[in-house]
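Structure file my_file.cif (mmCIF, C-alpha atoms (C1' of nucleotides)) is printed below.
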```cif
data_work
#
loop_
_atom_site.label_atom_id
_atom_site.label_comp_id
_atom_site.auth_asym_id
_atom_site.auth_seq_id
_atom_site.Cartn_x
_atom_site.Cartn_y
_atom_site.Cartn_z
CA MET A 17 38.39 83.80 -30.63
CA GLN A 18 35.51 86.17 -29.98
CA ILE A 19 32.64 85.35 -27.70
CA GLY A 20 30.28 84.45 -30.54
CA ALA A 21 32.65 81.88 -31.94
CA ALA A 22 33.32 80.46 -28.48
CA ALA A 23 29.57 80.21 -27.96
CA LYS A 24 29.14 78.38 -31.23
CA VAL A 25 31.84 75.79 -30.64
CA THR A 26 30.97 75.14 -26.99
CA GLY A 27 27.20 75.33 -27.20
CA VAL A 28 27.16 77.82 -24.32
CA SER A 29 25.39 81.02 -25.35
CA ALA A 30 27.34 84.27 -25.34
CA LYS A 31 24.93 85.53 -22.75
CA MET A 32 25.70 82.66 -20.43
CA ILE A 33 29.44 82.91 -20.99
CA ARG A 34 29.28 86.51 -19.76
CA HIS A 35 27.06 85.40 -16.91
CA TYR A 36 29.48 82.68 -15.85
CA GLU A 37 32.23 85.26 -15.86
CA ALA A 38 30.14 87.66 -13.79
CA ILE A 39 29.46 85.07 -11.10
CA GLY A 40 33.07 83.93 -11.09
CA LEU A 41 32.49 80.47 -12.48
CA VAL A 42 35.11 81.15 -15.14
CA PRO A 43 37.95 83.67 -14.85
CA SER A 44 37.60 87.05 -16.54
CA ALA A 45 38.36 86.68 -20.21
CA ASP A 46 41.26 88.52 -21.79
CA ARG A 47 40.28 91.63 -23.70
CA ARG A 48 41.53 92.92 -27.01
CA GLU A 49 42.13 96.58 -27.69
CA SER A 50 38.53 96.83 -28.81
CA ASN A 51 37.43 95.64 -25.37
CA TYR A 52 36.06 92.48 -26.97
CA ARG A 53 36.57 89.30 -24.97
CA ASP A 54 39.16 86.91 -26.36
CA TYR A 55 39.02 83.14 -25.77
CA GLY A 56 41.84 80.65 -26.12
CA PRO A 57 41.76 76.85 -26.35
CA SER A 58 41.83 76.31 -22.59
CA ASP A 59 38.91 78.71 -22.12
CA VAL A 60 36.96 76.84 -24.74
CA HIS A 61 37.86 73.57 -23.09
CA ARG A 62 36.54 74.82 -19.77
CA LEU A 63 33.31 76.04 -21.32
CA GLY A 64 32.81 72.65 -22.95
CA PHE A 65 33.25 71.03 -19.57
CA ILE A 66 30.64 73.31 -18.09
CA ARG A 67 28.28 72.63 -20.95
CA ARG A 68 28.48 68.89 -20.47
CA ALA A 69 28.03 69.20 -16.74
CA ARG A 70 24.93 71.34 -17.26
CA ASP A 71 23.56 68.79 -19.69
CA LEU A 72 23.93 66.21 -16.97
CA GLY A 73 21.87 68.35 -14.63
CA PHE A 74 24.59 69.63 -12.32
CA SER A 75 23.80 72.99 -10.77
CA ILE A 76 26.13 75.95 -11.11
CA GLU A 77 27.41 75.44 -7.58
CA GLU A 78 28.08 71.78 -8.19
CA ILE A 79 29.92 72.72 -11.36
CA ARG A 80 31.98 75.17 -9.36
CA ASP A 81 33.06 72.24 -7.20
CA LEU A 82 33.68 70.05 -10.23
CA LEU A 83 35.85 72.72 -11.83
CA ARG A 84 37.85 73.04 -8.67
CA LEU A 85 38.42 69.30 -8.64
CA TRP A 86 39.20 69.31 -12.34
CA GLY A 87 41.97 71.80 -11.85
CA ASP A 88 43.33 70.13 -8.74
CA ARG A 89 46.16 67.77 -9.59
CA ASP A 90 45.98 66.28 -6.11
CA ARG A 91 42.27 65.54 -6.18
CA SER A 92 41.11 62.07 -5.33
CA SER A 93 38.66 60.46 -7.69
CA ALA A 94 36.68 59.63 -4.56
CA ASP A 95 35.80 63.32 -4.20
CA VAL A 96 34.47 63.45 -7.73
CA LYS A 97 32.59 60.24 -7.24
CA ARG A 98 31.02 61.46 -4.02
CA LEU A 99 29.73 64.58 -5.71
CA THR A 100 28.44 62.56 -8.61
CA LEU A 101 26.65 60.02 -6.46
CA ALA A 102 24.98 62.80 -4.50
CA HIS A 103 23.75 64.25 -7.76
CA ILE A 104 22.52 60.88 -8.93
CA ALA A 105 20.55 60.53 -5.70
CA ASP A 106 19.06 63.94 -6.43
CA LEU A 107 18.05 62.80 -9.88
CA GLU A 108 16.53 59.60 -8.51
CA GLN A 109 14.42 61.58 -6.12
CA LYS A 110 13.11 63.81 -8.85
CA ILE A 111 12.43 60.86 -11.10
CA ALA A 112 10.49 59.14 -8.32
CA ALA A 113 8.44 62.25 -7.62
CA LEU A 114 7.59 62.71 -11.28
CA LYS A 115 6.68 59.06 -11.58
CA ASP A 116 4.33 59.39 -8.64
CA MET A 117 2.59 62.25 -10.36
CA ARG A 118 2.43 60.40 -13.64
CA ASP A 119 1.08 57.24 -12.05
CA THR A 120 -1.62 59.08 -10.16
CA LEU A 121 -2.66 60.96 -13.25
CA SER A 122 -2.54 57.88 -15.44
CA HIS A 123 -4.80 56.13 -13.01
CA LEU A 124 -7.30 58.97 -13.03
CA ALA A 125 -7.12 59.32 -16.79
CA GLY A 126 -7.67 55.61 -17.14
CA CYS A 127 -10.88 55.95 -15.15
CA CYS A 128 -12.09 58.84 -17.31
CA ASP A 129 -14.37 58.07 -20.21
CA GLY A 130 -13.21 61.14 -22.11
CA ASP A 131 -16.54 61.67 -23.80
CA HIS A 132 -18.92 64.59 -24.18
CA ARG A 133 -20.41 64.22 -20.71
CA PRO A 134 -19.20 66.39 -17.84
CA ASP A 135 -18.78 63.54 -15.36
CA CYS A 136 -15.04 63.17 -14.83
CA PRO A 137 -12.98 61.21 -12.31
CA ILE A 138 -9.98 63.45 -12.91
CA ILE A 139 -11.86 66.51 -11.75
CA LYS A 140 -13.25 64.53 -8.85
CA GLY A 141 -9.77 63.49 -7.88
CA LEU A 142 -8.58 67.08 -7.88
CA GLU A 143 -11.66 68.12 -5.97
CA GLY A 144 -10.62 65.80 -3.20
CA LEU A 145 -13.69 63.59 -3.40
CA ALA A 146 -11.44 60.69 -4.26
CA PRO A 147 -8.37 60.49 -2.03
CA LEU A 148 -5.79 60.27 -4.84
CA PRO A 149 -4.95 56.64 -4.09
CA ALA A 150 -1.42 55.25 -3.94
CA THR A 151 0.40 58.54 -3.92
CA HIS A 152 3.36 57.94 -1.65
CA HIS A 153 4.01 61.17 0.13
CA HIS A 154 6.24 59.79 2.83
CA HIS A 155 9.56 60.93 1.42
CA ARG A 156 8.36 64.39 0.44
CA ALA A 157 10.40 64.08 -2.71
CA HIS A 158 8.45 66.45 -4.84
CA ASP A 159 9.59 69.67 -3.35
CA ASN A 160 11.41 71.63 -6.02
CA LEU A 161 9.61 69.84 -8.80
CA ARG A 162 7.09 72.33 -9.97
CA HIS A 163 7.53 72.55 -13.69
CA GLY A 164 8.36 75.62 -15.66
CA SER A 165 6.32 76.88 -18.61
CA MET B 264 -12.09 82.29 7.97
CA GLN B 265 -8.95 84.40 7.85
CA ILE B 266 -6.16 83.76 5.41
CA GLY B 267 -3.97 81.99 7.96
CA ALA B 268 -6.66 79.46 8.76
CA ALA B 269 -7.41 78.94 5.07
CA ALA B 270 -3.70 78.38 4.49
CA LYS B 271 -3.56 75.81 7.23
CA VAL B 272 -6.53 73.77 6.10
CA THR B 273 -5.67 73.87 2.40
CA GLY B 274 -1.92 73.57 2.60
CA VAL B 275 -1.52 76.62 0.37
CA SER B 276 0.61 79.26 2.08
CA ALA B 277 -0.95 82.64 2.82
CA LYS B 278 1.65 84.15 0.59
CA MET B 279 0.59 82.01 -2.33
CA ILE B 280 -3.12 82.58 -1.70
CA ARG B 281 -2.52 86.31 -2.06
CA HIS B 282 -0.39 85.64 -5.11
CA TYR B 283 -3.10 83.54 -6.76
CA GLU B 284 -5.53 86.35 -6.13
CA ALA B 285 -3.13 88.90 -7.62
CA ILE B 286 -2.72 86.91 -10.83
CA GLY B 287 -6.44 86.24 -11.08
CA LEU B 288 -6.28 82.51 -10.50
CA VAL B 289 -8.85 82.88 -7.75
CA PRO B 290 -11.39 85.69 -7.42
CA SER B 291 -10.68 88.54 -5.03
CA ALA B 292 -11.53 87.44 -1.54
CA ASP B 293 -14.24 89.19 0.45
CA ARG B 294 -12.92 91.65 2.99
CA ARG B 295 -14.09 92.28 6.52
CA GLU B 296 -14.28 95.76 7.98
CA SER B 297 -10.71 95.32 9.13
CA ASN B 298 -9.69 94.82 5.49
CA TYR B 299 -8.72 91.25 6.33
CA ARG B 300 -9.54 88.68 3.67
CA ASP B 301 -12.41 86.36 4.50
CA TYR B 302 -12.69 82.83 3.11
CA GLY B 303 -15.81 80.67 2.91
CA PRO B 304 -16.17 76.95 2.27
CA SER B 305 -16.25 77.29 -1.51
CA ASP B 306 -13.05 79.37 -1.46
CA VAL B 307 -11.39 76.74 0.64
CA HIS B 308 -12.64 74.05 -1.69
CA ARG B 309 -11.12 75.85 -4.65
CA LEU B 310 -7.79 76.30 -2.90
CA GLY B 311 -7.72 72.60 -2.08
CA PHE B 312 -8.31 71.86 -5.75
CA ILE B 313 -5.41 74.10 -6.69
CA ARG B 314 -3.19 72.50 -4.09
CA ARG B 315 -3.82 69.03 -5.40
CA ALA B 316 -3.28 70.12 -8.98
CA ARG B 317 0.06 71.71 -8.02
CA ASP B 318 1.05 68.52 -6.24
CA LEU B 319 0.43 66.67 -9.48
CA GLY B 320 2.76 69.05 -11.28
CA PHE B 321 0.25 71.13 -13.20
CA SER B 322 1.47 74.65 -13.95
CA ILE B 323 -0.49 77.70 -12.92
CA GLU B 324 -1.78 78.19 -16.45
CA GLU B 325 -2.87 74.59 -16.69
CA ILE B 326 -4.64 74.98 -13.39
CA ARG B 327 -6.36 78.06 -14.74
CA ASP B 328 -7.76 75.84 -17.50
CA LEU B 329 -8.69 73.11 -15.05
CA LEU B 330 -10.54 75.57 -12.86
CA ARG B 331 -12.45 76.84 -15.85
CA LEU B 332 -13.45 73.31 -16.73
CA TRP B 333 -14.27 72.55 -13.11
CA GLY B 334 -16.74 75.41 -13.01
CA ASP B 335 -18.20 74.68 -16.40
CA ARG B 336 -21.30 72.56 -16.08
CA ASP B 337 -21.25 71.89 -19.81
CA ARG B 338 -17.68 70.69 -19.93
CA SER B 339 -16.90 67.39 -21.55
CA SER B 340 -14.71 65.01 -19.65
CA ALA B 341 -12.80 64.70 -22.92
CA ASP B 342 -11.48 68.23 -22.43
CA VAL B 343 -10.21 67.41 -18.99
CA LYS B 344 -8.70 64.19 -20.21
CA ARG B 345 -6.94 65.91 -23.09
CA LEU B 346 -5.33 68.40 -20.74
CA THR B 347 -4.33 65.62 -18.40
CA LEU B 348 -2.83 63.45 -21.10
CA ALA B 349 -0.81 66.39 -22.37
CA HIS B 350 0.52 66.91 -18.89
CA ILE B 351 1.33 63.23 -18.54
CA ALA B 352 3.29 63.42 -21.78
CA ASP B 353 5.16 66.36 -20.31
CA LEU B 354 5.99 64.36 -17.23
CA GLU B 355 7.14 61.40 -19.32
CA GLN B 356 9.50 63.63 -21.21
CA LYS B 357 11.02 65.01 -18.06
CA ILE B 358 11.34 61.56 -16.57
CA ALA B 359 13.09 60.33 -19.68
CA ALA B 360 15.49 63.26 -19.67
CA LEU B 361 16.34 62.76 -16.02
CA LYS B 362 16.82 59.06 -16.59
CA ASP B 363 19.24 59.79 -19.41
CA MET B 364 21.26 61.96 -17.09
CA ARG B 365 21.16 59.42 -14.34
CA ASP B 366 22.17 56.55 -16.64
CA THR B 367 25.08 58.45 -18.09
CA LEU B 368 26.29 59.44 -14.65
CA SER B 369 25.79 55.97 -13.23
CA HIS B 370 27.86 54.57 -16.04
CA LEU B 371 30.66 57.03 -15.41
CA ALA B 372 30.49 56.52 -11.66
CA GLY B 373 30.60 52.78 -12.19
CA CYS B 374 33.84 53.21 -14.10
CA CYS B 375 35.35 55.35 -11.35
CA ASP B 376 37.49 53.66 -8.75
CA GLY B 377 36.70 56.29 -6.17
CA ASP B 378 40.03 56.06 -4.46
CA HIS B 379 42.74 58.52 -3.44
CA ARG B 380 44.21 58.77 -6.95
CA PRO B 381 43.32 61.67 -9.21
CA ASP B 382 42.56 59.54 -12.28
CA CYS B 383 38.82 59.75 -12.81
CA PRO B 384 36.57 58.69 -15.70
CA ILE B 385 33.86 61.06 -14.54
CA ILE B 386 36.11 64.06 -14.98
CA LYS B 387 37.28 62.67 -18.31
CA GLY B 388 33.70 62.29 -19.43
CA LEU B 389 32.95 65.89 -18.58
CA GLU B 390 36.15 66.98 -20.24
CA GLY B 391 34.90 65.48 -23.47
CA LEU B 392 37.70 62.96 -23.84
CA ALA B 393 35.13 60.21 -23.60
CA PRO B 394 32.09 60.89 -25.78
CA LEU B 395 29.44 60.38 -23.07
CA PRO B 396 28.14 57.16 -24.60
CA ALA B 397 24.48 56.34 -25.05
CA THR B 398 23.12 59.76 -24.22
CA HIS B 399 20.17 60.16 -26.56
CA HIS B 400 19.97 63.80 -27.50
CA HIS B 401 17.64 63.39 -30.42
CA HIS B 402 14.47 64.49 -28.72
CA ARG B 403 16.02 67.43 -26.92
CA ALA B 404 13.90 66.51 -23.96
CA HIS B 405 16.09 68.02 -21.31
CA ASP B 406 15.44 71.61 -21.96
CA ASN B 407 13.75 73.02 -18.90
CA LEU B 408 15.26 70.43 -16.68
CA ARG B 409 18.02 72.27 -14.99
CA HIS B 410 17.63 71.68 -11.34
CA GLY B 411 17.15 74.30 -8.65
CA SER B 412 19.45 74.65 -5.63
"C1'" DT C 40 -6.32 101.78 30.17
"C1'" DG C 41 -2.36 100.08 28.29
"C1'" DT C 42 0.51 96.59 26.59
"C1'" DT C 43 1.66 92.34 24.46
"C1'" DG C 44 1.40 89.07 20.93
"C1'" DA C 45 -0.70 86.95 17.17
"C1'" DC C 46 -2.60 87.90 13.25
"C1'" DC C 47 -3.27 90.65 9.02
"C1'" DT C 48 -1.97 94.26 5.13
"C1'" DT C 49 1.05 95.83 1.07
"C1'" DG C 50 5.27 95.92 -1.30
"C1'" DC C 51 9.86 94.92 -2.49
"C1'" DC C 52 13.73 91.77 -3.16
"C1'" DA C 53 15.74 86.98 -3.83
"C1'" DT C 54 16.02 82.54 -5.91
"C1'" DC C 55 17.96 79.71 -10.70
"C1'" DA C 56 19.30 79.49 -15.39
"C1'" DT C 57 18.25 81.60 -19.22
"C1'" DG C 58 16.27 84.81 -22.77
"C1'" DT C 59 15.18 89.33 -24.70
"C1'" DC C 60 15.64 93.92 -25.68
"C1'" DA C 61 17.86 98.40 -25.97
"C1'" DA C 62 21.41 101.72 -26.86
"C1'" DG C 63 25.69 102.10 -28.24
"C1'" DG C 64 30.83 100.85 -29.77
"C1'" DT C 65 33.92 98.15 -33.31
"C1'" DT C 66 35.27 95.97 -37.29
"C1'" DT C 67 35.02 94.37 -41.87
"C1'" DA C 68 33.50 94.31 -46.46
"C1'" DC C 69 31.55 96.61 -50.29
"C1'" DG D 136 31.04 106.16 -46.22
"C1'" DT D 137 27.79 103.21 -45.09
"C1'" DA D 138 25.70 98.77 -44.03
"C1'" DA D 139 26.00 94.47 -41.70
"C1'" DA D 140 27.69 91.67 -38.36
"C1'" DC D 141 29.73 91.54 -34.46
"C1'" DC D 142 30.64 93.15 -29.64
"C1'" DT D 143 29.69 95.90 -25.02
"C1'" DT D 144 26.82 96.79 -20.65
"C1'" DG D 145 22.59 96.92 -18.33
"C1'" DA D 146 17.85 96.29 -17.33
"C1'" DC D 147 13.95 93.36 -17.19
"C1'" DA D 148 11.34 88.86 -17.70
"C1'" DT D 149 10.32 84.08 -16.74
"C1'" DG D 150 7.66 80.57 -12.59
"C1'" DA D 151 6.62 79.37 -8.15
"C1'" DT D 152 7.87 80.41 -3.97
"C1'" DG D 153 10.14 82.42 0.29
"C1'" DG D 154 11.56 86.25 3.19
"C1'" DC D 155 11.59 90.64 5.22
"C1'" DA D 156 9.98 95.17 6.62
"C1'" DA D 157 6.81 98.64 8.15
"C1'" DG D 158 2.58 99.13 9.67
"C1'" DG D 159 -2.74 98.09 10.82
"C1'" DT D 160 -6.16 95.14 13.76
"C1'" DC D 161 -7.78 92.50 17.29
"C1'" DA D 162 -8.12 89.73 21.50
"C1'" DA D 163 -6.60 88.72 25.99
"C1'" DC D 164 -4.71 90.05 30.15
"C1'" DA D 165 -2.59 93.19 33.99
#
```

The structure given in the file should be rewritten as C-alpha cells.
Amino acid sequence: MQIGAAAKVTGVSAKMIRHYEAIGLVPSADRRESNYRDYGPSDVHRLGFIRRARDLGFSIEEIRDLLRLWGDRDRSSADVKRLTLAHIADLEQKIAALKDMRDTLSHLAGCCDGDHRPDCPIIKGLEGLAPLPATHHHHRAHDNLRHGS
Amino acid sequence: MQIGAAAKVTGVSAKMIRHYEAIGLVPSADRRESNYRDYGPSDVHRLGFIRRARDLGFSIEEIRDLLRLWGDRDRSSADVKRLTLAHIADLEQKIAALKDMRDTLSHLAGCCDGDHRPDCPIIKGLEGLAPLPATHHHHRAHDNLRHGS
DNA sequence: TGTTGACCTTGCCATCATGTCAAGGTTTAC
DNA sequence: GTAAACCTTGACATGATGGCAAGGTCAACA
C-alpha cells in the first residue's frame, strides 16, 4: 500500500505519516524499488490507533507512551488508565477555563443593548472599568488556551 | 515609563509588547534619546485592554477589531456585541469538542479495571476494536483543538 | 574614574500539529 | 511518448509565546 492509500484508509494525511516517521513515532516504512513507502496491515493498524488517540486530544508525546504500552505484552492496564486519567484532568481544566471565558463574556453580552449607540458594557469590561466579575482566576487554568485562527 | 514597568503594570510581557508593536496591533511607542521605548497612561490603558481581551480568549485579529471599535466614537454597541457573540459561539464549540473527548475517555476509563493485568478497554478503544461509542463527529468541532505540550 | 548590575535594544530560533508549495522522480494508462 | 496521478524531499507558514545572545544605556557605588 502506498502512502496515499494508507492516508485515505487511516484518515492520517500523507504529510503527517511522513512527519510521524521523521520524529520516530512510527518506525521507518519499508521502501519499494521506486523508493516509495510501502505500508502493510500492521502499519495501517498503528496509524489508525494514532488517529483515534489524536481525535481524543492526546498529544504526540502521550501517544508515544500509549504506543509503547500498546506494544508491551506485560503492560498493566493501570498504566494506561493512569495516563488516560491525567489526560482527562487536562481536558477538564481546559473546559473549565473556556467556560470561565464564556460565562464572563455571556454576562457582558447580556448587559449590552446591542443597538446603534456606542455605549457598551463589553468595551467597558475590557477597558477595566468594570472588574470582570466572577472570573475565577485562582487555579490559573487558562494558560495554554489561547485559540488558534 | 519604560517597557519593563509597562509590562509589570499591564501583565503583558515586554516581549509581547514589542511583538504587538511589530505586527501593528499597537502604534509604535515613543522613544527616548536612549532609544528606549516610552509608555504613557493611554498606552498602558490600551495594553491593559489587550491583556483582558486575551484572557477572554480573543485572538489577535479579533482584538485588532475590538481596538478599532474601542477607538471609534461612532461605533454601535451592536458591532461589539456581534463580535463577542461570534467569539462565544467559538468557545461553545471548543467546549463541546473537549467534552466529547472527555466523555469518551471517561467511559473507557470507567470500563478499565486499572489493575496489573494487560487487558484494557482503553487500548482496545484506541485500537478500533470497540467503535468509540457516542462520539458525535457530525459537527467536526474538534478541528483546532489539539492540545499543546 | 571605573565597575557592576539592572535595564533596554534587535534578531534569531523553538514550540505544536498541520498545511502549502516547489522541484523533481516514478508509474500507469492512453 | 506524453499526460496524469502518484510519490520524494525540503523549505516555509501558521499563532502566541518563550528563550537566548550580543550589545547599548543608565544609575549607583567604590

* Asked: On this structure, which residues satisfy the PyMOL selection byres ((chain C) within 8 of (chain B)), written as a PyMOL selection string?
  -> chain C and resi 47-48+55-56

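Using all atoms listed in the file, the residues found no farther than 8 Å from Cys374 (chain B), other than those of its own chain fewer than 4 positions away, are His370, Pro384 and Ile385 of chain B.
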
Against chain A, which residues of chain D fall within 10 Å? For each one I want the closest pair of atoms and the distance in Å (one decimal), counting all atoms listed in the file, rows by chain and increasing residue number, as JSON lines.
```
{"residue": "D:DC141", "atom": "C1'", "partner": "A:Gly20", "partner_atom": "CA", "distance": 8.1}
{"residue": "D:DC142", "atom": "C1'", "partner": "A:Tyr52", "partner_atom": "CA", "distance": 6.1}
{"residue": "D:DT143", "atom": "C1'", "partner": "A:Tyr52", "partner_atom": "CA", "distance": 7.5}
{"residue": "D:DT149", "atom": "C1'", "partner": "A:Ser165", "partner_atom": "CA", "distance": 8.4}
{"residue": "D:DG150", "atom": "C1'", "partner": "A:Gly164", "partner_atom": "CA", "distance": 5.9}
{"residue": "D:DA151", "atom": "C1'", "partner": "A:Arg162", "partner_atom": "CA", "distance": 7.3}
{"residue": "D:DT152", "atom": "C1'", "partner": "A:Asn160", "partner_atom": "CA", "distance": 9.7}
```

Resulting file, chosen residues, C-alpha atoms (C1' of nucleotides), as a PDB file, in the coordinates of the input:
```pdb
ATOM      1  C1'  DC D 141      29.730  91.540 -34.460  1.00  0.00           C
ATOM      2  C1'  DC D 142      30.640  93.150 -29.640  1.00  0.00           C
ATOM      3  C1'  DT D 143      29.690  95.900 -25.020  1.00  0.00           C
ATOM      4  C1'  DT D 149      10.320  84.080 -16.740  1.00  0.00           C
ATOM      5  C1'  DG D 150       7.660  80.570 -12.590  1.00  0.00           C
ATOM      6  C1'  DA D 151       6.620  79.370  -8.150  1.00  0.00           C
ATOM      7  C1'  DT D 152       7.870  80.410  -3.970  1.00  0.00           C
TER       8       DT D 152
END
```

* Run the PyMOL selection byres ((chain A and resi 44) around 12) on the file and write out the hits as an MDAnalysis selection string. => chainID A and resid 33:43 45:47 52:55 59

* **For chain A, the nearest of the candidates B:Ala270, B:Leu310, B:Leu371, B:Ile358, counting only C-alpha atoms** => B:Ile358

* Select all residues from chain A having any atom no more than 8 Å from an atom of chain B (counting only C-alpha atoms, ignoring ligands), output as an MDAnalysis selection string. => chainID A and resid 61:62 64:66 68:75 86 89:98 100:101 104 107:108 110:111 114:115 117:118 120:122 125 128:136 138:139 142:144 158 160:165

Expected file: the selected residues, C-alpha atoms, as a PDB file, in the coordinates of the input:
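Listed below is the output, part-v4.pdb:
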```pdb
ATOM      1  CA  HIS A  61      37.860  73.570 -23.090  1.00  0.00           C
ATOM      2  CA  ARG A  62      36.540  74.820 -19.770  1.00  0.00           C
ATOM      3  CA  GLY A  64      32.810  72.650 -22.950  1.00  0.00           C
ATOM      4  CA  PHE A  65      33.250  71.030 -19.570  1.00  0.00           C
ATOM      5  CA  ILE A  66      30.640  73.310 -18.090  1.00  0.00           C
ATOM      6  CA  ARG A  68      28.480  68.890 -20.470  1.00  0.00           C
ATOM      7  CA  ALA A  69      28.030  69.200 -16.740  1.00  0.00           C
ATOM      8  CA  ARG A  70      24.930  71.340 -17.260  1.00  0.00           C
ATOM      9  CA  ASP A  71      23.560  68.790 -19.690  1.00  0.00           C
ATOM     10  CA  LEU A  72      23.930  66.210 -16.970  1.00  0.00           C
ATOM     11  CA  GLY A  73      21.870  68.350 -14.630  1.00  0.00           C
ATOM     12  CA  PHE A  74      24.590  69.630 -12.320  1.00  0.00           C
ATOM     13  CA  SER A  75      23.800  72.990 -10.770  1.00  0.00           C
ATOM     14  CA  TRP A  86      39.200  69.310 -12.340  1.00  0.00           C
ATOM     15  CA  ARG A  89      46.160  67.770  -9.590  1.00  0.00           C
ATOM     16  CA  ASP A  90      45.980  66.280  -6.110  1.00  0.00           C
ATOM     17  CA  ARG A  91      42.270  65.540  -6.180  1.00  0.00           C
ATOM     18  CA  SER A  92      41.110  62.070  -5.330  1.00  0.00           C
ATOM     19  CA  SER A  93      38.660  60.460  -7.690  1.00  0.00           C
ATOM     20  CA  ALA A  94      36.680  59.630  -4.560  1.00  0.00           C
ATOM     21  CA  ASP A  95      35.800  63.320  -4.200  1.00  0.00           C
ATOM     22  CA  VAL A  96      34.470  63.450  -7.730  1.00  0.00           C
ATOM     23  CA  LYS A  97      32.590  60.240  -7.240  1.00  0.00           C
ATOM     24  CA  ARG A  98      31.020  61.460  -4.020  1.00  0.00           C
ATOM     25  CA  THR A 100      28.440  62.560  -8.610  1.00  0.00           C
ATOM     26  CA  LEU A 101      26.650  60.020  -6.460  1.00  0.00           C
ATOM     27  CA  ILE A 104      22.520  60.880  -8.930  1.00  0.00           C
ATOM     28  CA  LEU A 107      18.050  62.800  -9.880  1.00  0.00           C
ATOM     29  CA  GLU A 108      16.530  59.600  -8.510  1.00  0.00           C
ATOM     30  CA  LYS A 110      13.110  63.810  -8.850  1.00  0.00           C
ATOM     31  CA  ILE A 111      12.430  60.860 -11.100  1.00  0.00           C
ATOM     32  CA  LEU A 114       7.590  62.710 -11.280  1.00  0.00           C
ATOM     33  CA  LYS A 115       6.680  59.060 -11.580  1.00  0.00           C
ATOM     34  CA  MET A 117       2.590  62.250 -10.360  1.00  0.00           C
ATOM     35  CA  ARG A 118       2.430  60.400 -13.640  1.00  0.00           C
ATOM     36  CA  THR A 120      -1.620  59.080 -10.160  1.00  0.00           C
ATOM     37  CA  LEU A 121      -2.660  60.960 -13.250  1.00  0.00           C
ATOM     38  CA  SER A 122      -2.540  57.880 -15.440  1.00  0.00           C
ATOM     39  CA  ALA A 125      -7.120  59.320 -16.790  1.00  0.00           C
ATOM     40  CA  CYS A 128     -12.090  58.840 -17.310  1.00  0.00           C
ATOM     41  CA  ASP A 129     -14.370  58.070 -20.210  1.00  0.00           C
ATOM     42  CA  GLY A 130     -13.210  61.140 -22.110  1.00  0.00           C
ATOM     43  CA  ASP A 131     -16.540  61.670 -23.800  1.00  0.00           C
ATOM     44  CA  HIS A 132     -18.920  64.590 -24.180  1.00  0.00           C
ATOM     45  CA  ARG A 133     -20.410  64.220 -20.710  1.00  0.00           C
ATOM     46  CA  PRO A 134     -19.200  66.390 -17.840  1.00  0.00           C
ATOM     47  CA  ASP A 135     -18.780  63.540 -15.360  1.00  0.00           C
ATOM     48  CA  CYS A 136     -15.040  63.170 -14.830  1.00  0.00           C
ATOM     49  CA  ILE A 138      -9.980  63.450 -12.910  1.00  0.00           C
ATOM     50  CA  ILE A 139     -11.860  66.510 -11.750  1.00  0.00           C
ATOM     51  CA  LEU A 142      -8.580  67.080  -7.880  1.00  0.00           C
ATOM     52  CA  GLU A 143     -11.660  68.120  -5.970  1.00  0.00           C
ATOM     53  CA  GLY A 144     -10.620  65.800  -3.200  1.00  0.00           C
ATOM     54  CA  HIS A 158       8.450  66.450  -4.840  1.00  0.00           C
ATOM     55  CA  ASN A 160      11.410  71.630  -6.020  1.00  0.00           C
ATOM     56  CA  LEU A 161       9.610  69.840  -8.800  1.00  0.00           C
ATOM     57  CA  ARG A 162       7.090  72.330  -9.970  1.00  0.00           C
ATOM     58  CA  HIS A 163       7.530  72.550 -13.690  1.00  0.00           C
ATOM     59  CA  GLY A 164       8.360  75.620 -15.660  1.00  0.00           C
ATOM     60  CA  SER A 165       6.320  76.880 -18.610  1.00  0.00           C
TER      61      SER A 165
END
```

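Here C1' of DG64 (chain C) stands at a distance of 10.8 Å from C1' of DT144 (chain D).
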
* **Between C1' of DT43 (chain C) and CA of Ala269 (chain B), distance in Å (one decimal)** =>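 A separation of 25.3 Å between them.
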
* To do: Please measure the separation of CA of Arg327 (chain B) and CA of Val272 (chain B), giving the value in Å to one decimal.
  => 21.3 Å

Report as an mmCIF file with C-alpha atoms (C1' of nucleotides), keeping the file's coordinate frame all protein, DNA and RNA residues lying within 12 Å of DA157 (chain D), evaluated on only C-alpha atoms (C1' of nucleotides), omitting residues in the same chain fewer than 5 positions from it.
```
data_model
loop_
_atom_site.group_PDB
_atom_site.id
_atom_site.type_symbol
_atom_site.label_atom_id
_atom_site.label_comp_id
_atom_site.auth_asym_id
_atom_site.auth_seq_id
_atom_site.Cartn_x
_atom_site.Cartn_y
_atom_site.Cartn_z
ATOM 1 C "C1'" DT C 48 -1.970 94.260 5.130
ATOM 2 C "C1'" DT C 49 1.050 95.830 1.070
ATOM 3 C "C1'" DG C 50 5.270 95.920 -1.300
ATOM 4 C "C1'" DC C 51 9.860 94.920 -2.490
#
```

* Asked: Mind telling me what the PyMOL selection byres ((chain C and resi 44) around 10) catches here, as a PyMOL selection string?
  -> (chain C and resi 42-43+45-46) or (chain D and resi 162-163)
